[in-house]
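Chemist: Take this structure, written in structure tokens, and hold onto it; I'll ask about it next.
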Amino acid sequence: MRWCATGHEGALEALIARLGATAWPQAPEGFEHVTPPRPMRVVLRGPLEGSRGHARVIVKWSRPDTLADHVSRHVRGGKGVREGQVLRALKAAGVRVPEVLAYADEGEDVVVTHFVDGLMPLPPADEAPAGLLEDVAVLLALAHAAGLRHADLHAGNLALSGELPLLVDLGSARMGKPISDGERARVLAALAHGLLDGARRTQCLRALIAYMRQVHGGDGRTEARALARDVESELRLVRRRFRRGRDRRATRTGKHFELIATGSGLTGIRNRDTTDASWLDRAASWLETQAEDAQPLKADGRIQRLGPLVLKYYDGVAPGRLPRPVRAFRMAYALRNRGIPAPVPHLAVTDEHGAGVLASAYIDASNLHDLIATGRYAALPAAERRSLLEHIGRTLRLMHDAEVTHRDLKAPNLLVTEAGDIVLVDLDGARVRRGAVRWARRARDLMRLDASLDLPERDRTRILTAYHRVLPAPPEPLDAFATHVAELSRRKRGPSGEAR
């Protein structure tokens, strides 16, 4: 199939001929890469010579990479044709998108659009002006009314042209019937996941009101409030699927991770982004004999610092069980996927018995127990102490809301950085749950931390207050929740009442 705006026919023929004579994925003379080439697509910028006014254009040039790509092109046509048709349909519906000049899948698979000068990426949602989020909501409401379907619409698919948002990348989109009221919550949950990460609840509600005002007219507030709970419920499912998909990356060889298996019996996994293949030899030597220049971080020597690394040694496991270093590696990555501060996992290796070592990034920070025991916590100004306690409460609420529990949540396992950030370490007791964490389970985790803190009750209560204030509100009032945790903590402390 081929389509071209009037006056650009000859220029399209010439461009297709030039691309056909150019070695993939190089750029023809006069063009430059806009983004790094990918196996299935390159994005180029340059002049459309022979067109009216020698227009500056963006060219998306695609080629099938996998068997599925070849089948899709044979059945559905080229990617350039599909994206070009979507852009034309949206433009006709009044949606802000780049103007399409041509598309074709006869010979080369291309879509050509006008180059929009001065495009800027969207700011993070929590830093965006309220008016911008509402403009984005209105833009997407128009697109949905026109029938846009997009399985992966995120901030990278939009840009700012002047002060208004513009849809710029619709390679995986299609057009269909307008979004119905029955599917709206699911569609909006996917949008919230891709566009509103980190946004405040008030920002999300304003954006939803602007969207519903565009869809149904009127004030939009009543419709938005009626829909908000369904969107939040769907959003939890969307985030759960996304996180589990990301977690699976650390179980196989791919772009970011590499499974290790050597003839000498070593197995494990390494982080390609932070290590190179030469680390395997170093890891093998760590298993044979502990590094002479390593500094023990615990009396038993099982946790050591080696320059920028922390090495943690594990015993073997029963046959058929996942080695503990590999499990800890995956857990650290899973926590980071959920925005929970944890050390970067570099490498995990084990021998044939499952005994091994985990190498993680060293974080120059004191743990909460040492901060209190050495008197440095007490020496902090009152405002800094309050801020630290509140930050602990919010971090633990983030952990639980991300469906993670920790049965060994105690003061030595929380690092406090100079900037006041809280980092979870020693993740052997952490678990990713298959659903929302029940409040009884949350109380038990908080009890373990409460029982390990040698602090006045007022300070420990401040942590619980910060935890409780995060929305959505817990099912029981703060007083009842704090009393419940305090009672569990008293049982944990025992008759002596000392922190442990």
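Labels for the structure tokens follow display order: chains A, B, ..., residues from 1 in each chain, ligands from 1.
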Neighbours of A:Lys60 within 6 Å (only C-alpha atoms; same-chain residues fewer than 5 positions away dropped), as a list in words?
Modeler: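 My reading of the contact set: Val42, Val43, Val110 and Val111 of chain A.
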Chemist: Just the residues within 8 Å of A:Leu191, please, counting only C-alpha atoms, with nothing from its chain fewer than 5 positions along; format it as a PyMOL selection string.
Modeler: chain A and resi 153-154+196
Chemist: Which of these residues is nearest to A:Ala436, using only C-alpha atoms: A:Arg200, A:Arg239, A:Arg327, A:Lys492?
Modeler: A:Arg239
Chemist: Within stretch 90-249 of chain A, find each residue whose DSSP state, derived from the backbone, is helix (DSSP H, G or I), and express the selection as an NGL selection string.
Modeler: :A and (90-92 or 125-127 or 130-145 or 155-157 or 181-195 or 201-216 or 221-249)
Chemist: Would you mind reading off the distance between atom CA of A:Leu471 and atom CA of A:Ala199, one decimal, in Å?
Modeler: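 Calculated distance between atom CA of A:Leu471 and atom CA of A:Ala199 is 12.7 Å.
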Chemist: Which residues are near A:Pro341? Cut-off 8 Å, only C-alpha atoms, ignore same chain within fewer than 3 positions. Put them as a list in words.
Modeler: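 Answer for this query is Leu335, Arg336, Ile422, Val423 and Leu424 of chain A.
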